[in-house]
>>> print(open('upload_14.cif').read())   # mmCIF, C-alpha atoms (C1' of nucleotides)
data_query
#
loop_
_atom_site.label_atom_id
_atom_site.label_comp_id
_atom_site.auth_asym_id
_atom_site.auth_seq_id
_atom_site.Cartn_x
_atom_site.Cartn_y
_atom_site.Cartn_z
CA MET A 1 40.61 73.97 41.68
CA GLY A 2 38.90 72.37 44.68
CA GLU A 3 39.78 73.22 48.23
CA GLU A 4 41.75 69.98 48.64
CA ASN A 5 45.27 71.28 48.33
CA SER A 6 47.00 67.95 48.62
CA TYR A 7 49.86 67.40 46.26
CA GLU A 8 47.85 64.83 44.33
CA ALA A 9 45.27 67.49 43.55
CA ILE A 10 47.97 69.85 42.35
CA HIS A 11 49.49 67.14 40.21
CA GLU A 12 46.13 66.28 38.72
CA TYR A 13 45.32 69.90 38.04
CA PHE A 14 48.62 70.35 36.22
CA THR A 15 48.01 67.23 34.16
CA LYS A 16 44.60 68.50 33.19
CA TYR A 17 46.03 71.87 32.25
CA LEU A 18 48.76 70.36 30.09
CA ARG A 19 46.34 68.03 28.36
CA GLU A 20 43.79 70.73 27.67
CA HIS A 21 46.40 73.07 26.28
CA LYS A 22 48.05 70.34 24.21
CA HIS A 23 51.34 70.60 26.04
CA ARG A 24 53.38 67.48 26.61
CA ARG A 25 53.56 65.86 30.01
CA THR A 26 57.30 65.51 30.37
CA PRO A 27 59.11 64.11 33.41
CA GLU A 28 61.00 67.42 33.70
CA ARG A 29 57.81 69.40 34.14
CA TYR A 30 56.54 67.12 36.86
CA ALA A 31 59.90 67.06 38.59
CA ILE A 32 59.93 70.85 38.64
CA LEU A 33 56.37 71.03 39.95
CA GLU A 34 57.30 68.59 42.69
CA HIS A 35 60.34 70.56 43.79
CA VAL A 36 58.42 73.83 43.67
CA TYR A 37 55.64 72.42 45.81
CA SER A 38 58.01 71.06 48.40
CA TYR A 39 59.79 74.40 48.74
CA GLU A 40 58.69 76.67 51.56
CA GLY A 41 58.56 80.38 50.82
CA HIS A 42 59.99 82.43 48.00
CA PHE A 43 62.53 81.08 45.55
CA ASN A 44 64.03 82.05 42.24
CA ALA A 45 65.10 80.18 39.11
CA ASP A 46 68.68 79.85 40.29
CA ILE A 47 67.78 78.47 43.71
CA LEU A 48 65.50 75.93 42.09
CA TYR A 49 68.12 75.01 39.49
CA ASN A 50 70.81 74.41 42.07
CA LEU A 51 68.42 72.49 44.29
CA MET A 52 67.32 70.22 41.46
CA LYS A 53 70.78 69.67 40.02
CA GLN A 54 71.61 67.59 43.09
CA ASP A 55 69.33 64.74 42.11
CA TYR A 56 68.00 65.52 38.65
CA ARG A 57 69.45 66.42 35.29
CA VAL A 58 67.70 69.57 34.21
CA SER A 59 68.71 72.75 32.42
CA LEU A 60 68.08 76.33 33.41
CA ALA A 61 66.19 76.87 30.16
CA THR A 62 63.75 74.14 31.10
CA ILE A 63 63.40 75.59 34.58
CA TYR A 64 62.42 78.95 33.11
CA ASN A 65 60.17 77.33 30.56
CA SER A 66 58.35 75.33 33.22
CA LEU A 67 58.07 78.23 35.65
CA ASP A 68 56.35 80.20 32.89
CA LEU A 69 53.97 77.33 32.42
CA LEU A 70 53.24 77.14 36.15
CA VAL A 71 52.58 80.87 36.25
CA GLU A 72 50.28 80.54 33.26
CA CYS A 73 48.18 77.88 34.94
CA LYS A 74 48.28 79.82 38.20
CA LEU A 75 50.03 77.16 40.25
CA ILE A 76 52.71 79.65 41.21
CA ILE A 77 52.91 83.41 41.61
CA LYS A 78 55.73 85.47 40.16
CA HIS A 79 57.11 88.63 41.76
CA GLN A 80 59.48 91.06 40.15
CA LEU A 81 60.85 92.98 43.10
CA GLY A 82 63.79 94.61 41.41
CA ASN A 83 66.00 93.78 38.48
CA GLN A 84 67.51 90.82 40.22
CA TYR A 85 66.05 87.32 39.95
CA ALA A 86 62.28 87.17 39.64
CA GLN A 87 60.85 85.54 42.74
CA TYR A 88 58.27 82.80 42.78
CA GLU A 89 56.07 81.20 45.38
CA ARG A 90 53.52 78.45 45.16
CA ALA A 91 49.94 79.55 44.95
CA PHE A 92 48.31 76.73 46.93
CA GLY A 93 49.14 74.91 50.12
CA ASN A 94 50.91 78.05 51.19
CA ASN A 95 49.33 81.04 52.82
CA ASN A 96 49.29 83.02 49.64
CA LEU A 97 46.87 85.69 50.79
CA HIS A 98 49.63 87.97 51.87
CA HIS A 99 51.23 91.22 50.93
CA HIS A 100 54.89 92.17 50.94
CA LEU A 101 56.93 94.52 53.06
CA ILE A 102 60.17 95.46 51.38
CA CYS A 103 62.94 97.32 53.14
CA THR A 104 64.35 99.89 50.75
CA ASN A 105 67.59 99.89 52.67
CA CYS A 106 68.52 96.23 53.00
CA GLY A 107 66.12 94.71 50.48
CA LYS A 108 64.65 92.24 52.94
CA VAL A 109 61.16 90.96 52.07
CA LYS A 110 58.58 90.07 54.68
CA GLU A 111 55.01 88.91 54.33
CA PHE A 112 51.96 90.13 56.13
CA SER A 113 48.24 89.61 55.90
CA ASP A 114 45.49 92.16 56.29
CA LYS A 115 41.83 91.50 55.74
CA PRO A 116 40.59 95.10 55.25
CA ILE A 117 43.16 95.65 52.52
CA ARG A 118 42.29 92.36 50.88
CA VAL A 119 38.59 93.14 50.93
CA ALA A 120 39.06 96.65 49.57
CA ILE A 121 41.07 95.35 46.63
CA GLN A 122 39.00 92.31 45.88
CA SER A 123 35.74 94.22 45.88
CA LYS A 124 37.02 96.49 43.14
CA ALA A 125 35.55 95.80 39.71
CA PHE A 126 36.27 97.27 36.29
CA VAL A 127 34.15 97.41 33.18
CA HIS A 128 36.94 96.61 30.79
CA PHE A 129 39.33 94.67 32.93
CA LYS A 130 39.03 91.24 34.46
CA MET A 131 41.31 90.95 37.46
CA SER A 132 42.97 87.61 38.06
CA HIS A 133 45.34 88.44 40.87
CA TYR A 134 47.21 91.31 42.43
CA SER A 135 50.43 92.24 44.17
CA LEU A 136 50.82 94.77 46.91
CA TYR A 137 54.27 95.91 47.94
CA LEU A 138 54.84 98.25 50.85
CA TYR A 139 58.22 99.90 50.80
CA GLY A 140 59.90 101.38 53.82
CA ILE A 141 62.54 100.91 56.44
CA CYS A 142 62.64 97.85 58.65
CA GLY A 143 63.33 98.04 62.37
CA LYS A 144 66.90 96.90 62.06
CA CYS A 145 67.79 99.45 59.39
CA LYS A 146 65.94 102.20 61.23
CA ASP A 147 68.30 101.81 64.15
CA GLU A 148 71.31 101.82 61.89
CA LEU A 149 70.17 104.87 59.96
CA LYS A 150 69.24 106.94 62.98
CA LYS A 151 72.26 109.19 62.55
CA GLY A 152 71.58 110.49 59.07
CA ILE A 153 67.84 110.99 59.02
CA ILE A 154 66.70 113.93 56.93
CA HIS A 155 63.37 115.63 56.99
CA ILE A 156 61.25 114.96 53.95
CA PRO A 157 58.60 117.58 53.20
CA ARG A 158 55.33 116.27 51.85
CA PHE A 159 54.09 117.70 48.58
CA THR A 160 51.07 115.40 48.43
CA GLU A 161 47.55 116.59 49.12
CA ASP A 162 46.75 113.61 51.32
CA SER A 163 48.93 113.32 54.36
CA ASP A 164 49.72 109.81 55.40
CA ASP A 165 50.17 109.05 59.05
CA PHE A 166 51.49 105.56 59.54
CA MET B 1 54.66 123.85 32.18
CA GLY B 2 52.42 126.08 34.24
CA GLU B 3 53.61 124.82 37.60
CA GLU B 4 56.54 127.16 38.12
CA ASN B 5 56.07 127.41 41.85
CA SER B 6 55.87 123.66 42.25
CA TYR B 7 59.00 123.09 40.25
CA GLU B 8 60.88 125.68 42.25
CA ALA B 9 60.05 123.72 45.39
CA ILE B 10 61.18 120.48 43.79
CA HIS B 11 64.42 122.05 42.66
CA GLU B 12 65.05 123.46 46.10
CA TYR B 13 64.26 120.17 47.78
CA PHE B 14 66.71 118.38 45.52
CA THR B 15 69.39 120.95 46.24
CA LYS B 16 68.84 120.50 49.94
CA TYR B 17 68.99 116.75 49.61
CA LEU B 18 72.23 116.85 47.66
CA ARG B 19 73.82 119.26 50.07
CA GLU B 20 72.80 117.33 53.17
CA HIS B 21 74.05 114.08 51.72
CA LYS B 22 77.27 115.63 50.49
CA HIS B 23 76.54 114.86 46.88
CA ARG B 24 77.66 117.31 44.22
CA ARG B 25 75.23 119.61 42.50
CA THR B 26 76.15 118.90 38.90
CA PRO B 27 74.43 120.41 35.87
CA GLU B 28 73.65 116.88 34.63
CA ARG B 29 71.64 116.09 37.74
CA TYR B 30 69.58 119.22 37.45
CA ALA B 31 69.06 118.71 33.73
CA ILE B 32 67.79 115.21 34.40
CA LEU B 33 65.49 116.41 37.17
CA GLU B 34 64.12 119.05 34.84
CA HIS B 35 63.42 116.61 32.03
CA VAL B 36 61.88 114.11 34.41
CA TYR B 37 59.59 116.75 35.86
CA SER B 38 58.43 117.93 32.49
CA TYR B 39 57.60 114.42 31.35
CA GLU B 40 53.99 113.32 31.69
CA GLY B 41 53.37 109.75 32.77
CA HIS B 42 55.66 106.76 32.93
CA PHE B 43 59.06 106.65 31.32
CA ASN B 44 62.16 104.52 31.38
CA ALA B 45 65.89 105.15 31.25
CA ASP B 46 66.04 104.70 27.51
CA ILE B 47 63.16 107.05 26.76
CA LEU B 48 64.74 109.69 28.96
CA TYR B 49 68.16 109.16 27.41
CA ASN B 50 66.89 109.57 23.86
CA LEU B 51 64.82 112.56 24.84
CA MET B 52 67.75 114.30 26.50
CA LYS B 53 70.28 113.46 23.80
CA GLN B 54 68.48 115.89 21.51
CA ASP B 55 69.59 118.95 23.42
CA TYR B 56 72.00 117.79 26.07
CA ARG B 57 75.16 115.70 26.20
CA VAL B 58 74.55 113.04 28.79
CA SER B 59 75.40 109.37 29.13
CA LEU B 60 73.14 106.48 29.98
CA ALA B 61 75.28 105.73 33.02
CA THR B 62 74.62 109.19 34.38
CA ILE B 63 70.92 108.80 33.65
CA TYR B 64 70.84 105.63 35.72
CA ASN B 65 72.95 107.17 38.41
CA SER B 66 70.69 110.20 38.69
CA LEU B 67 67.47 108.19 38.59
CA ASP B 68 68.75 106.21 41.54
CA LEU B 69 69.40 109.45 43.35
CA LEU B 70 65.92 110.74 42.57
CA VAL B 71 64.38 107.51 43.82
CA GLU B 72 66.48 107.77 46.96
CA CYS B 73 65.23 111.23 47.75
CA LYS B 74 61.68 110.23 46.82
CA LEU B 75 61.28 112.66 43.94
CA ILE B 76 60.42 109.80 41.61
CA ILE B 77 58.87 106.38 41.98
CA LYS B 78 60.32 103.30 40.35
CA HIS B 79 58.25 100.38 39.08
CA GLN B 80 59.61 97.03 38.02
CA LEU B 81 56.74 95.58 36.04
CA GLY B 82 58.58 92.74 34.36
CA ASN B 83 62.12 92.13 33.25
CA GLN B 84 62.04 94.87 30.67
CA TYR B 85 63.05 98.46 31.43
CA ALA B 86 62.24 99.65 34.92
CA GLN B 87 59.60 102.36 34.73
CA TYR B 88 59.66 105.65 36.55
CA GLU B 89 57.20 108.41 37.25
CA ARG B 90 57.55 111.63 39.11
CA ALA B 91 56.27 111.58 42.66
CA PHE B 92 54.94 115.15 42.87
CA GLY B 93 53.00 117.48 40.59
CA ASN B 94 51.50 114.37 39.09
CA ASN B 95 48.56 112.47 40.41
CA ASN B 96 50.69 109.84 41.98
CA LEU B 97 48.02 108.41 44.22
CA HIS B 98 47.13 105.73 41.76
CA HIS B 99 47.39 102.01 41.36
CA HIS B 100 48.23 99.99 38.28
CA LEU B 101 46.23 97.66 36.10
CA ILE B 102 48.44 95.38 34.06
CA CYS B 103 47.15 93.22 31.27
CA THR B 104 48.90 89.85 31.49
CA ASN B 105 48.28 89.29 27.80
CA CYS B 106 49.52 92.45 26.10
CA GLY B 107 51.43 94.04 28.97
CA LYS B 108 49.57 97.33 28.78
CA VAL B 109 49.63 99.40 31.96
CA LYS B 110 46.79 101.66 33.01
CA GLU B 111 46.36 103.74 36.12
CA PHE B 112 43.37 103.99 38.38
CA SER B 113 42.56 105.59 41.68
CA ASP B 114 40.47 104.21 44.50
CA LYS B 115 40.00 105.85 47.85
CA PRO B 116 38.84 102.82 49.90
CA ILE B 117 41.91 100.89 48.82
CA ARG B 118 44.18 103.84 49.55
CA VAL B 119 42.67 104.31 52.99
CA ALA B 120 42.89 100.62 53.84
CA ILE B 121 46.57 100.54 52.94
CA GLN B 122 47.54 103.85 54.46
CA SER B 123 45.86 103.13 57.77
CA LYS B 124 48.02 100.08 58.21
CA ALA B 125 50.80 100.46 60.75
CA PHE B 126 53.63 98.18 61.77
CA VAL B 127 55.71 98.06 64.89
CA HIS B 128 58.97 97.33 63.17
CA PHE B 129 58.44 98.82 59.77
CA LYS B 130 58.06 102.40 58.68
CA MET B 131 56.23 102.56 55.37
CA SER B 132 57.31 105.24 52.92
CA HIS B 133 55.28 104.30 49.88
CA TYR B 134 53.58 101.36 48.25
CA SER B 135 52.78 99.84 44.90
CA LEU B 136 49.63 97.98 44.02
CA TYR B 137 49.47 96.05 40.77
CA LEU B 138 46.30 94.38 39.61
CA TYR B 139 46.88 91.76 36.94
CA GLY B 140 44.26 90.54 34.55
CA ILE B 141 42.95 90.73 31.02
CA CYS B 142 42.02 94.04 29.43
CA GLY B 143 38.89 94.48 27.34
CA LYS B 144 40.73 94.48 24.03
CA CYS B 145 42.56 91.26 24.78
CA LYS B 146 39.43 89.64 26.12
CA ASP B 147 37.77 90.19 22.76
CA GLU B 148 40.80 88.99 20.85
CA LEU B 149 41.18 85.92 23.00
CA LYS B 150 37.56 85.10 22.36
CA LYS B 151 38.27 85.11 18.64
CA GLY B 152 41.18 82.75 19.17
CA ILE B 153 44.12 85.12 18.91
CA ILE B 154 46.46 83.53 21.34
CA HIS B 155 49.33 85.29 23.01
CA ILE B 156 50.72 88.70 22.23
CA PRO B 157 53.99 89.10 24.09
CA ARG B 158 54.18 92.78 23.46
CA PHE B 159 54.60 95.74 25.69
CA THR B 160 52.56 98.66 24.40
CA GLU B 161 52.15 102.14 25.74
CA ASP B 162 49.00 103.46 24.12
CA SER B 163 46.36 104.11 26.68
CA ASP B 164 43.06 102.43 26.10
CA ASP B 165 40.47 102.58 28.79
CA PHE B 166 39.95 99.51 30.89
"C1'" DT C 1 93.88 120.50 45.59
"C1'" DT C 2 90.86 116.76 46.59
"C1'" DT C 3 87.75 113.57 45.29
"C1'" DG C 4 82.96 112.87 43.62
"C1'" DT C 5 81.01 112.60 39.02
"C1'" DT C 6 81.21 112.20 34.19
"C1'" DG C 7 81.27 109.73 29.40
"C1'" DC C 8 82.51 105.83 27.25
"C1'" DA C 9 82.98 101.07 26.57
"C1'" DA C 10 83.10 96.74 28.32
"C1'" DA C 11 81.30 93.60 31.63
"C1'" DA C 12 77.75 91.71 34.35
"C1'" DC C 13 73.40 89.98 35.05
"C1'" DG C 14 69.07 87.34 34.60
"C1'" DT C 15 66.60 85.56 30.93
"C1'" DT C 16 65.64 84.04 26.16
"C1'" DT C 17 66.76 81.85 21.91
"C1'" DG C 18 68.77 78.70 18.21
"C1'" DC C 19 69.73 74.28 17.28
"C1'" DA C 20 70.47 69.28 17.07
"C1'" DG C 21 68.77 65.41 19.17
"C1'" DC C 22 65.29 63.17 22.15
"C1'" DC C 23 60.86 61.56 23.53
"C1'" DT C 24 55.71 62.27 24.01
"C1'" DC C 25 51.81 61.58 21.57
"C1'" DG D 1 56.59 59.37 12.43
"C1'" DA D 2 55.72 64.18 13.52
"C1'" DG D 3 56.89 67.81 16.03
"C1'" DG D 4 56.97 69.61 20.92
"C1'" DC D 5 60.49 69.63 24.40
"C1'" DT D 6 65.10 69.07 26.03
"C1'" DG D 7 70.13 70.52 27.25
"C1'" DC D 8 73.61 73.30 25.93
"C1'" DA D 9 75.74 77.41 24.70
"C1'" DA D 10 75.53 81.56 22.66
"C1'" DA D 11 72.79 85.83 22.29
"C1'" DC D 12 69.90 89.16 24.21
"C1'" DG D 13 68.47 93.55 26.59
"C1'" DT D 14 68.95 96.21 30.67
"C1'" DT D 15 71.85 97.83 34.13
"C1'" DT D 16 76.33 98.26 36.39
"C1'" DT D 17 81.20 98.88 36.50
"C1'" DG D 18 86.16 100.29 35.49
"C1'" DC D 19 88.74 103.92 34.24
"C1'" DA D 20 90.75 108.25 32.70
"C1'" DA D 21 89.31 112.94 32.35
"C1'" DC D 22 86.78 116.55 34.39
"C1'" DA D 23 84.90 119.86 37.59
"C1'" DA D 24 82.52 120.97 42.21
"C1'" DA D 25 83.87 121.82 46.75
#
>>> encode(input="upload_14.cif", output="structure tokens")
Amino acid sequence: MGEENSYEAIHEYFTKYLREHKHRRTPERYAILEHVYSYEGHFNADILYNLMKQDYRVSLATIYNSLDLLVECKLIIKHQLGNQYAQYERAFGNNNLHHHLICTNCGKVKEFSDKPIRVAIQSKAFVHFKMSHYSLYLYGICGKCKDELKKGIIHIPRFTEDSDDF
Amino acid sequence: MGEENSYEAIHEYFTKYLREHKHRRTPERYAILEHVYSYEGHFNADILYNLMKQDYRVSLATIYNSLDLLVECKLIIKHQLGNQYAQYERAFGNNNLHHHLICTNCGKVKEFSDKPIRVAIQSKAFVHFKMSHYSLYLYGICGKCKDELKKGIIHIPRFTEDSDDF
DNA sequence: TTTGTTGCAAAACGTTTGCAGCCTC
DNA sequence: GAGGCTGCAAACGTTTTGCAACAAA
């Protein structure tokens, strides 16, 4: 898609995708796209369902169905960060070139951006694999939890050959 | 398994962890650790359960309970690659310094290793976040599926385990 | 003895599916 | 008019939980 990330461009892109794949252009699908693209940050199916219920009659099944479709046409990105709700975020109009920090203690998710990492990953090529996108999750302990856990810290010996100094 | 010394260290580390956290050293926990550390590659709770059932009386609940414990003490790594079974792999004695290629068509998972990527990620430091480990997943289309898609075979929503080279 | 852990079964959870009717093409 | 899509509810598959019995501390 072009670099114009206005909502009209998104809408048009979706229309083109639906038409080319012989999927029907239903009002539900457009309503879902609209809500998704006016939502800042990460959301899940339930959040979206409850948000939409306020002013639109839509079922959870249709939400899931449409989210799949939006993932398929790369308008949104799906993250499975645990066995709770899958998380989604829009792919355009958002700063989507980010990675995720996940606190293994409290489960909080934060985003960060890092060019060297991005370059290293994107310059990787495979003979028998065509990369479309990637997800990088860094797990650890956030500042808040670090303070709270200070009492019970145990020493963890490293069995790995490479030592990692963060 | 030819790594007697290694396994002794693992066993000892686990014992220390259990003791320091005031968790009981039950035969089930050691049996699970043993099976996990003699399993090559990725596995899930169900695979482990069925494997252990053959020569050990253990319940799925205890499997899950113990896997959590092993994740907690960093003896195994957990991957949530979709909303199917969570996948685990041992953290030591294995080449765990790898990333994952995931085919978005057939769901096949393949490992690869890349030093520049590893270095870029590991050299990253945060003020309010202490990284313990990370997961990098590259999504795309594997060679096999690329060929099949070319011939018009559409979507194969299957999760396979056989390792073809990417 | 105390109480953390177990096996078992049932419940919980997010997601998918079956179906009758609706609506896009 | 055909059949893809919808809402609804029931079913699904994975994981967690409640509980009585057990066993490690």
>>> resolve_selection(input="upload_14.cif", expression="the PyMOL selection byres ((chain B) within 6 of (chain A))", output="compact mmCIF listing (two decimals) with C-alpha atoms, in the frame of the given file")
# COMPACT_ATOMS: atom_id res chain seq x y z
CA GLN B 80 59.61 97.03 38.02
CA ILE B 117 41.91 100.89 48.82
CA ALA B 120 42.89 100.62 53.84
CA ILE B 121 46.57 100.54 52.94
CA ALA B 125 50.80 100.46 60.75
CA HIS B 128 58.97 97.33 63.17
CA PHE B 129 58.44 98.82 59.77
CA LYS B 130 58.06 102.40 58.68
CA MET B 131 56.23 102.56 55.37
CA SER B 132 57.31 105.24 52.92
CA HIS B 133 55.28 104.30 49.88
CA TYR B 134 53.58 101.36 48.25
CA SER B 135 52.78 99.84 44.90
CA LEU B 136 49.63 97.98 44.02
CA TYR B 137 49.47 96.05 40.77
CA LEU B 138 46.30 94.38 39.61
CA TYR B 139 46.88 91.76 36.94
CA GLY B 140 44.26 90.54 34.55
CA ILE B 141 42.95 90.73 31.02
CA CYS B 142 42.02 94.04 29.43
CA GLY B 143 38.89 94.48 27.34
CA PHE B 166 39.95 99.51 30.89
>>> residues_around(input="upload_14.cif", residues="DA9 (chain D)", least_positions_apart="3", cutoff="12 Å", atoms="only C-alpha atoms (C1' of nucleotides)", output="PyMOL selection string")
(chain A and resi 59-61) or (chain C and resi 17-19)
>>> calpha_fit_and_write(input="upload_14.cif", fixed="chain A", moving="chain B", output="compact mmCIF listing (two decimals) with C-alpha atoms, in the coordinates of the input")
# COMPACT_ATOMS: atom_id res chain seq x y z
CA MET B 1 54.47 69.24 53.98
CA GLY B 2 51.22 68.18 55.58
CA GLU B 3 49.01 69.25 52.70
CA GLU B 4 49.11 66.08 50.64
CA ASN B 5 45.56 66.38 49.43
CA SER B 6 46.05 69.97 48.37
CA TYR B 7 49.18 69.18 46.46
CA GLU B 8 47.50 66.30 44.69
CA ALA B 9 44.88 68.72 43.43
CA ILE B 10 47.53 71.16 42.28
CA HIS B 11 49.41 68.43 40.49
CA GLU B 12 46.26 67.23 38.80
CA TYR B 13 45.27 70.74 37.79
CA PHE B 14 48.67 71.29 36.23
CA THR B 15 48.44 68.01 34.35
CA LYS B 16 45.06 68.99 33.03
CA TYR B 17 46.33 72.39 31.99
CA LEU B 18 49.30 70.93 30.15
CA ARG B 19 47.19 68.36 28.40
CA GLU B 20 44.51 70.83 27.33
CA HIS B 21 47.09 73.25 26.00
CA LYS B 22 49.05 70.53 24.27
CA HIS B 23 52.16 71.15 26.29
CA ARG B 24 54.35 68.21 27.23
CA ARG B 25 54.37 66.78 30.71
CA THR B 26 58.10 66.75 31.35
CA PRO B 27 59.74 65.67 34.60
CA GLU B 28 61.41 69.11 34.82
CA ARG B 29 58.06 70.87 34.91
CA TYR B 30 56.74 68.68 37.66
CA ALA B 31 59.97 68.97 39.63
CA ILE B 32 59.74 72.74 39.42
CA LEU B 33 56.09 72.73 40.46
CA GLU B 34 56.97 70.55 43.42
CA HIS B 35 59.79 72.78 44.59
CA VAL B 36 57.70 75.89 44.12
CA TYR B 37 54.87 74.41 46.15
CA SER B 38 57.12 73.40 48.98
CA TYR B 39 58.67 76.85 49.21
CA GLU B 40 57.23 79.20 51.81
CA GLY B 41 56.91 82.84 50.84
CA HIS B 42 58.39 84.81 47.99
CA PHE B 43 61.17 83.52 45.80
CA ASN B 44 62.85 84.39 42.55
CA ALA B 45 64.27 82.45 39.62
CA ASP B 46 67.76 82.44 41.05
CA ILE B 47 66.72 81.23 44.49
CA LEU B 48 64.74 78.42 42.91
CA TYR B 49 67.57 77.53 40.56
CA ASN B 50 70.13 77.26 43.35
CA LEU B 51 67.72 75.33 45.50
CA MET B 52 66.96 72.82 42.76
CA LYS B 53 70.55 72.42 41.59
CA GLN B 54 71.28 70.59 44.83
CA ASP B 55 69.27 67.54 43.89
CA TYR B 56 68.14 68.01 40.33
CA ARG B 57 69.77 68.82 37.01
CA VAL B 58 67.89 71.77 35.61
CA SER B 59 68.82 74.90 33.70
CA LEU B 60 67.89 78.48 34.42
CA ALA B 61 66.21 78.70 31.03
CA THR B 62 63.90 75.87 31.95
CA ILE B 63 63.20 77.49 35.31
CA TYR B 64 62.11 80.66 33.55
CA ASN B 65 60.17 78.74 30.99
CA SER B 66 58.29 76.77 33.63
CA LEU B 67 57.62 79.78 35.84
CA ASP B 68 55.99 81.45 32.87
CA LEU B 69 53.84 78.39 32.41
CA LEU B 70 52.86 78.37 36.08
CA VAL B 71 51.94 82.05 35.91
CA GLU B 72 49.91 81.36 32.79
CA CYS B 73 47.87 78.68 34.47
CA LYS B 74 47.56 80.79 37.61
CA LEU B 75 49.36 78.40 39.93
CA ILE B 76 51.80 81.13 40.90
CA ILE B 77 51.71 84.90 41.09
CA LYS B 78 54.48 87.07 39.73
CA HIS B 79 55.51 90.40 41.23
CA GLN B 80 57.81 92.91 39.62
CA LEU B 81 58.80 95.09 42.53
CA GLY B 82 61.71 96.90 40.93
CA ASN B 83 64.22 96.08 38.26
CA GLN B 84 65.81 93.31 40.26
CA TYR B 85 64.65 89.70 40.07
CA ALA B 86 60.94 89.23 39.52
CA GLN B 87 59.41 87.65 42.60
CA TYR B 88 57.01 84.75 42.66
CA GLU B 89 54.75 83.15 45.21
CA ARG B 90 52.45 80.22 44.98
CA ALA B 91 48.81 81.08 44.45
CA PHE B 92 47.23 78.26 46.49
CA GLY B 93 47.92 76.58 49.81
CA ASN B 94 49.43 79.85 50.88
CA ASN B 95 47.58 82.81 52.25
CA ASN B 96 47.67 84.63 49.00
CA LEU B 97 44.99 87.14 49.85
CA HIS B 98 47.49 89.71 50.96
CA HIS B 99 48.86 93.02 49.87
CA HIS B 100 52.41 94.29 49.98
CA LEU B 101 54.14 96.96 52.00
CA ILE B 102 57.38 98.07 50.40
CA CYS B 103 59.88 100.27 52.14
CA THR B 104 61.20 102.78 49.61
CA ASN B 105 64.37 103.16 51.64
CA CYS B 106 65.58 99.62 52.25
CA GLY B 107 63.39 97.74 49.78
CA LYS B 108 62.02 95.34 52.37
CA VAL B 109 58.71 93.71 51.47
CA LYS B 110 56.12 92.74 54.04
CA GLU B 111 52.68 91.27 53.59
CA PHE B 112 49.45 92.34 55.18
CA SER B 113 45.81 91.47 54.83
CA ASP B 114 42.83 93.79 54.94
CA LYS B 115 39.27 92.76 54.29
CA PRO B 116 37.75 96.20 53.50
CA ILE B 117 40.38 96.77 50.84
CA ARG B 118 39.89 93.29 49.42
CA VAL B 119 36.13 93.74 49.28
CA ALA B 120 36.37 97.17 47.68
CA ILE B 121 38.62 95.83 44.94
CA GLN B 122 36.84 92.56 44.36
CA SER B 123 33.42 94.16 44.10
CA LYS B 124 34.62 96.25 41.21
CA ALA B 125 33.36 95.15 37.82
CA PHE B 126 34.12 96.35 34.32
CA VAL B 127 32.19 96.02 31.12
CA HIS B 128 35.16 95.35 28.92
CA PHE B 129 37.61 93.82 31.32
CA LYS B 130 37.55 90.53 33.14
CA MET B 131 39.73 90.71 36.23
CA SER B 132 41.67 87.60 37.17
CA HIS B 133 43.81 88.90 39.99
CA TYR B 134 45.31 92.08 41.34
CA SER B 135 48.35 93.45 43.10
CA LEU B 136 48.36 96.22 45.64
CA TYR B 137 51.66 97.75 46.70
CA LEU B 138 51.86 100.32 49.44
CA TYR B 139 55.10 102.28 49.41
CA GLY B 140 56.50 104.12 52.36
CA ILE B 141 59.08 104.06 55.12
CA CYS B 142 59.31 101.17 57.55
CA GLY B 143 59.84 101.68 61.27
CA LYS B 144 63.49 100.69 61.20
CA CYS B 145 64.33 103.10 58.41
CA LYS B 146 62.32 105.86 60.00
CA ASP B 147 64.52 105.61 63.07
CA GLU B 148 67.69 105.45 61.03
CA LEU B 149 66.69 108.37 58.87
CA LYS B 150 66.05 110.37 62.00
CA LYS B 151 69.62 109.74 63.08
CA GLY B 152 70.87 110.93 59.71
CA ILE B 153 71.66 107.65 58.00
CA ILE B 154 70.81 108.52 54.47
CA HIS B 155 70.01 106.02 51.79
CA ILE B 156 70.41 102.28 51.92
CA PRO B 157 69.93 100.92 48.42
CA ARG B 158 69.66 97.37 49.58
CA PHE B 159 67.12 94.69 49.05
CA THR B 160 66.75 92.59 52.18
CA GLU B 161 64.54 89.64 52.90
CA ASP B 162 64.43 89.39 56.67
CA SER B 163 60.97 90.00 57.94
CA ASP B 164 60.61 92.69 60.53
CA ASP B 165 57.18 93.75 61.55
CA PHE B 166 55.86 96.99 60.19
>>> closest_atom_pairs(input="upload_14.cif", of="chain D", to="region 19-40 of chain B", cutoff="10 Å", atoms="all atoms listed in the file", output="tab-separated table")
residue	atom	partner	partner_atom	distance
D:DA23	C1'	B:Thr26	CA	8.9
D:DA24	C1'	B:Arg24	CA	6.4
D:DA25	C1'	B:Arg24	CA	8.1
>>> atom_distance(input="upload_14.cif", atom1="CA of Leu69 (chain A)", atom2="C1' of DA2 (chain D)")
23.1 Å
>>> closest_atom_pairs(input="upload_14.cif", of="chain D", to="chain B", cutoff="12 Å", atoms="all atoms listed in the file", output="CSV")
residue,atom,partner,partner_atom,distance
D:DC12,C1',B:Gln84,CA,11.7
D:DG13,C1',B:Gln84,CA,7.7
D:DT14,C1',B:Tyr85,CA,6.4
D:DT15,C1',B:Tyr64,CA,8.0
D:DT16,C1',B:Ala61,CA,8.3
D:DT17,C1',B:Ala61,CA,9.7
D:DC22,C1',B:Thr26,CA,11.8
D:DA23,C1',B:Thr26,CA,8.9
D:DA24,C1',B:Arg24,CA,6.4
D:DA25,C1',B:Arg24,CA,8.1
>>> resolve_selection(input="upload_14.cif", expression="the PyMOL selection byres ((chain C) within 8 of (chain B))", output="number ranges by chain")
C: 4-7
